[in-house]
Amino acid sequence: MKVLDADKLTDLAAALARAGYRVVAPIEDSGVVRLAEWTEGATIRTDVIPVNSAKDFLFPRSEVIGRWDLDGADFSPRDVQPDATKTVLLAVRPCDAAALALLDTIFNWDYKDDFYNARRRAATVVPMVCTAADEQCFCTSVGGAPDATANADAMLRSADGGAKFILEPLTDKGNALLDAAGDAAREGEAAADPPAEVPHRFDVDAVTEWLSENFESALWTTLSLGCLGCGACAYACPTCHCFDMQDEATRTQSVRLKNWDSCGFGLFTQHAGGHNPRPDQTARWRQRVMHKFSYIPERFQLLGCTGCGRCARLCGAGMSMSEVCRRIADESKKAPAHES
Amino acid sequence: MSPDIDQAATVQQPGGNLYAPMTMTIAEARDETYDTRTLRLEFPGEQERAAFFAKYRVGMFGLYGVPGAGESVFCIASPPTRDRYIECTFRRAGRVTAAIQDREVGQTITFRGPYGNCFPIEEWKGRNIVFIAGGIALPPLRSVIWNVLDRRDEFADVTILYGARTVADLVYKDELADWQKRDDVNLITTVDPGGETEDWKGKIGFVPTVLEQTAPTPKNAVALVCGPPIMIKFSLPILKTLGFAPADTYTTLENRMKCGVGKCGRCNVGSLYVCKDGPVFTIEQVRKLPQDDL
Amino acid sequence: MDLDRLRQDAAAVLKDGRAKMVIGFRDRAGDCVPAFITDAEQAAELVYDETCLVNPAAYLKKIELKRFRPVAVVARPAVMRSLVLLAAEAQIAADDVLILAVGDQEYHGLMDLAGAAALLNEQYAEMPHDPEVMKRLEELSGLTPEERAAFWTEQFAKCTRCYACRAACPMCYCTRCIVEKNVPQWISTAAARHGNYAWNVIRAFHLAGRCTECGACEAACPQGIPLMLLNVSLARDVEDEFGVKAGYDAEAEPVIGSWNADDNEDFIR
């Protein structure tokens with residue numbers, strides 16, 4: 001098996017960079033650990049989950065999807081090429097990789113979005129098995145696990161009590177990565193450490209069932225009170241994919257942008273005629289939860305949440321998807337669904 | 001009967017930019033009201049025109065835009081039986097619609113489409129068709145009306161009930177006059193009480209009220225309803241009383257949309273996407289959606 | 001801090017109907033998170049400590065909470081200032097809000113808005129700016145403009161335009177924020193350099209004379225951008241130029257939105 005010392009992860013990053021990969025890894029910056037492009041001298045930290053998710057590199061915050069030259073009332077389109085830079089998403093988490101199932105589906109169902117697909121094809125996904133978890137993690141409640149290999153091209157497994165990593169290829173891209181790693185990962189033996197214990201927090205099937213029958217429930221007001229309607233959770237979430245299309249222009253050029261958006265923003269469903277079907281945060285929070293745990297499962301047979309807990313960790317107002325699901329699961333036990 | 005969900009892909013070429021629009025030329029422009037305009041648009045080339053009409057069925061929508069201002073979703077207001085051009089009718093409501101209305105005949109705008117599903121008019125052959133529309137909501141039904149009238153022999157009775165707040169707010173005034181003259185169309189126009197002019201010859205009353213008075217028969221009939229939420233709210237119970245089945249009553253939902261292709265999430269209602277599973281729905285389908293989100 | 005008294009006061013106002021809701025804080029696995037209490041028994045859950053950085057006054061802009069008026073708010077001095085200022089800006093009616101006033105070390109008690117304003121003017125008139133922030137501002141002012149611009153470019157590069165800062169701020173209550181207006185598009189929506197500068201700087205300018213330095217925006221920012229450097233800098237400038245600090249007078253005219261003949265004119269040359 002291929003093995004590297006745990007404190008030599010930067011050597012692996014450097015080797016991959018030399019081999020032509022853009023290396024994305026969890027980088028420390030002023031105390032905050034963020035998935036970012038690794039450069040020489042950057043510190044890689046694997047002990048805490050990064051505040052952002054791997055989604056950022058497949059579906060970026062803002063992306064140009066159209067360009068025109070403008071000349072008075074005339075316009076002529078210019079070519080826009082998607083970014084197909086060969087990238088390794090190094091030491092992301094299994095919950096990031098699990099999310100790719102939904103992103104792959106959304107960006108390809110019926111119409112194919114090449115802005116996403118080009119990045120996706122060019123990316124080698126290398127999750128790190130989690131050997132630690134916190135109270136906000138709930139991957140095991142949504143069909144995931146700290147050592148899940150779904151959508152991974154290779155896995156980094158902590159070994160020998162954290163002293164080493166095993167780098168295990170799972171796909172052709174993974175094998176290519178190992179070739180490119182060269183001496184940074186050498187033949188050897190190591191004993192994989194056990195993955196983190198992530199206790200089961202709620203019965204997700206009970207949640208989905210309650211949701212299918214309780215659109216009008218008064219519980220939504222209670223569940224949503226803390227939410228102030230920013231986009232922090234949707235932006236950090238590895239499965240959230242809603243976006244806005246926005247044109248910006250000078251006199252001579254215009255671009256059409258695809259920008260992250262959030263169903264939590266007040267104007268998300270605002271009609272030009274003035275009507276807003278989701279006029280308050282209660283309706284918008286309900287949409288967030290229903291979309292992830294009811295509508296997406298119904299439509300695509302997938303959950304819209306991988307239990308990474310980022311939303312709860314960074315919500316300034318104390319909202320937690322895990323807590324919401326626990327409360328719904330509790331509520332579903334109180335009375336049979338058809339009586340609610 | 002459910003509308004066909006025409007899932008065929010658009011004019012997107014494999015590997016092409018899904019979001020790249022075509023450039024259309026404004027062949028004609030007509031002001032319907034002080035803020036509503038109809039544009040007739042021509043395709044950039046024969047290949048694009050043919051590819052569009054290979055897919056287009058009434059009910060489908062498109063995204064019309066101006067680079068620098070953005071894109072806006074409206075229905076396609078002309079039928080595939082008129083396959084040299086498409087038409088759209090829209091109100092000047094914000095940045096994009098203002099930029100489009102500022103364009104002159106001979107100038108260009110962008111267009112992406114056709115997207116969405118369609119009215120299953122093939123299933124309506126031999127049946128009576130009742131159109132009920134209010135105000136700016138006649139355009140989505142106008143494509144169906146022309147589709148039916150262009151193939152008049154294939155359908156039975158055609159009834160059109162159309163109303164607006166005032167006479168000035170009625171759109172397609174010339175076409176209304178043409179439909180009035182035809183003896184194979186029963187056209188009833190109405191304005192809200194107080195909206196009539198001195199020489200107004202149509203009815204005076206809210207659309208639901210006039211619908212009740214007109215009392216079209218539900219036998220062998222389908223109904224298409226399109227209008228402001230309040231008009232729909234009061235019209236549906238009357239259709240029900242008259243005996244129209246929810247599965248035979250159709251509408252088109254006009255949710256806020258951006259991408260038009262089921263990705264941006266904005267038009268998601270329940271487990272449906274209005275841009276993919278709609279915008280045409282039967283009332284039976286609409287009733288199954290989370291009502292508060294409409 | 002006499003949390004028991006706070007809890008009793010909260011329970012009492014709910015029980016006798018003086019308030020329909022108490023907005024305070026509860027403990028969740030060691031973190032302080034907002035609590036919305038409508039039943040007197042729930043008042044026992046209320047906690048308070050220095051990690052309670054959310055500004056509960058921000059919840060008063062939520063339309064679905066407007067039916068829970070009068071509302072009682074657990075408020076530290078900066079939050080009391082927010083409430084006084086919201087009244088001065090006609091966003092809340094003075095008799096729609098009660099305050100469970102919390103100080104640095106002690107619980108001051110239950111009071112109405114006038115009582116809170118009096119308390120602020122008596123005991124918290126000299127609220128110093130955050131010393132860490134002041135130290136940093138001092139350092140920044142020693143830099144050249146190019147160096148300072150480089151510092152802010154680096155900070156704003158982290159901004160993802162999630163608008164958590166805006167959501168967390170009680171004074172950001174516009175139903176359509178300037179960044180959401182598109183005729184014209186005042187601020188680019190792309191999370192790129194000029195849009196991020198414009199957003200953060202314009203928000204700080206829109207808060208000049210209105211920021212009560214509660215720190216909720218910086219606490220809410222998922223990227224750790226030092227927003228208080230901007231807000232305190234402008235608050236200090238307004239204080240220097242106009243002698244006004246936000247949130248001490250419920251009848252005050254808006255600082256930037258009004259003028260009087262004694263205003264400093266020496267910048268007009």
# chains A, B, ... in the order shown; residues from 1 in each chain; ligands from 1
>>> select_by_dssp(residues="segment 65-202 of chain C", states="helix (DSSP H, G or I)", output="PyMOL selection string")
chain C and resi 65+77-88+94-96+113-123+131-141+145-156+164-168+178-180+193-202
>>> residues_around(residues="Glu198 of chain B", least_positions_apart="6", cutoff="12 Å", atoms="only C-alpha atoms", output="PyMOL selection string")
chain B and resi 166-167+204
>>> interface_residues(of="chain B", to="chain C", cutoff="12 Å", atoms="only C-alpha atoms", output="list in words")
Gly68, Ala69, Gly70, Ala93, Gly94, Arg95, Val96, Thr97, Ala98 and Ala99 of chain B
>>> closest_atom_pairs(of="chain A", to="chain B", cutoff="6 Å", atoms="only C-alpha atoms", output="Markdown table")
| residue | atom | partner | partner_atom | distance |
| --- | --- | --- | --- | --- |
| A:Ile106 | CA | B:Lys263 | CA | 5.9 |
| A:Asp113 | CA | B:Leu18 | CA | 6.0 |
| A:Cys242 | CA | B:Cys264 | CA | 4.5 |
| A:Phe243 | CA | B:Cys264 | CA | 4.7 |
| A:Asp247 | CA | B:Gly70 | CA | 4.9 |
| A:Glu248 | CA | B:Gly68 | CA | 5.3 |
| A:Ala249 | CA | B:Gly68 | CA | 4.8 |
| A:Ser254 | CA | B:Gly68 | CA | 5.0 |
| A:Thr269 | CA | B:Arg256 | CA | 5.8 |
| A:His271 | CA | B:Arg256 | CA | 5.7 |
| A:Pro277 | CA | B:Asp293 | CA | 4.9 |
| A:Tyr295 | CA | B:Ser271 | CA | 4.2 |
| A:Arg299 | CA | B:Ser271 | CA | 5.8 |
>>> write_last_selection(atoms="C-alpha atoms", output="mmCIF file, in the first residue's frame")
data_model
loop_
_atom_site.group_PDB
_atom_site.id
_atom_site.type_symbol
_atom_site.label_atom_id
_atom_site.label_comp_id
_atom_site.auth_asym_id
_atom_site.auth_seq_id
_atom_site.Cartn_x
_atom_site.Cartn_y
_atom_site.Cartn_z
ATOM 1 C CA ILE A 106 -28.970 18.457 -10.784
ATOM 2 C CA ASP A 113 -24.373 22.078 -17.614
ATOM 3 C CA CYS A 242 -29.509 27.221 -6.250
ATOM 4 C CA PHE A 243 -28.158 30.079 -8.300
ATOM 5 C CA ASP A 247 -25.947 40.520 -16.155
ATOM 6 C CA GLU A 248 -23.393 43.209 -15.506
ATOM 7 C CA ALA A 249 -22.051 45.541 -18.123
ATOM 8 C CA SER A 254 -21.299 42.640 -20.740
ATOM 9 C CA THR A 269 -39.287 33.971 -5.297
ATOM 10 C CA HIS A 271 -42.523 38.025 -8.764
ATOM 11 C CA PRO A 277 -45.244 33.133 -2.637
ATOM 12 C CA TYR A 295 -38.745 17.177 -2.510
ATOM 13 C CA ARG A 299 -37.768 13.573 -7.280
#
>>> residues_around(residues="Val201 of chain C", least_positions_apart="5", cutoff="9 Å", atoms="only C-alpha atoms", output="ChimeraX atom specification")
/C:196,206,230
>>> residues_around(residues="segment 158-165 of chain C", least_positions_apart="4", cutoff="9 Å", atoms="only C-alpha atoms", output="PyMOL selection string")
(chain A and resi 61+228-235+260-262+315-316) or (chain C and resi 153-154+169+172+189-192+196+199-200+216-225+227)
>>> write_last_selection(atoms="C-alpha atoms", output="short mmCIF file (atom, residue, chain, number, x, y, z; two decimals), in the first residue's frame")
data_model
loop_
_atom_site.label_atom_id
_atom_site.label_comp_id
_atom_site.auth_asym_id
_atom_site.auth_seq_id
_atom_site.Cartn_x
_atom_site.Cartn_y
_atom_site.Cartn_z
CA ARG A 61 -19.56 31.40 -6.06
CA LEU A 228 -32.55 35.81 9.76
CA GLY A 229 -32.45 34.93 6.08
CA CYS A 230 -28.81 35.24 5.10
CA GLY A 231 -27.10 32.85 2.70
CA ALA A 232 -24.33 31.58 4.95
CA CYS A 233 -25.74 28.08 5.36
CA ALA A 234 -26.65 27.62 1.70
CA TYR A 235 -23.24 28.84 0.62
CA TRP A 260 -24.83 31.41 -5.72
CA ASP A 261 -28.26 32.16 -4.39
CA SER A 262 -30.29 30.95 -1.43
CA CYS A 315 -24.97 29.99 11.63
CA GLY A 316 -24.82 33.25 13.51
CA THR C 153 -8.34 43.74 -0.68
CA GLU C 154 -7.09 40.65 1.10
CA CYS C 169 -27.69 43.78 12.01
CA CYS C 172 -30.23 46.75 8.21
CA THR C 189 -23.27 40.95 -7.31
CA ALA C 190 -20.21 38.96 -8.30
CA ALA C 191 -18.07 38.02 -5.30
CA ALA C 192 -15.14 39.76 -6.90
CA ASN C 196 -16.95 43.15 -2.43
CA TRP C 199 -20.74 46.09 -0.62
CA ASN C 200 -18.73 46.20 2.59
CA ALA C 216 -23.05 40.90 15.74
CA CYS C 217 -22.04 41.37 12.11
CA GLU C 218 -18.44 40.36 12.68
CA ALA C 219 -19.55 37.43 14.84
CA ALA C 220 -21.92 36.30 12.09
CA CYS C 221 -19.42 36.55 9.25
CA PRO C 222 -18.49 32.99 8.27
CA GLN C 223 -15.21 34.18 6.77
CA GLY C 224 -13.89 36.09 9.76
CA ILE C 225 -13.69 39.47 8.03
CA LEU C 227 -16.03 44.24 9.93
#
>>> residues_around(residues="segment 205-216 of chain A", least_positions_apart="4", cutoff="9 Å", atoms="only C-alpha atoms", output="ChimeraX atom specification")
/A:220,286,289-290,293-295,297,325-326,328-333,337-338,340 /B:290,292
>>> residues_around(residues="segment 193-195 of chain A", least_positions_apart="3", cutoff="10 Å", atoms="only C-alpha atoms", output="PyMOL selection string")
chain A and resi 129-133+145-148+157-166+190+198
>>> closest_residue(among="C:Tyr107, C:Phe36, C:Tyr197, C:Tyr59", to="Asp4 of chain C", atoms="only C-alpha atoms")
C:Tyr107
>>> residues_around(residues="Glu28 of chain B", least_positions_apart="6", cutoff="7 Å", atoms="only C-alpha atoms", output="list in words")
Leu39, Arg40 and Val105 of chain B
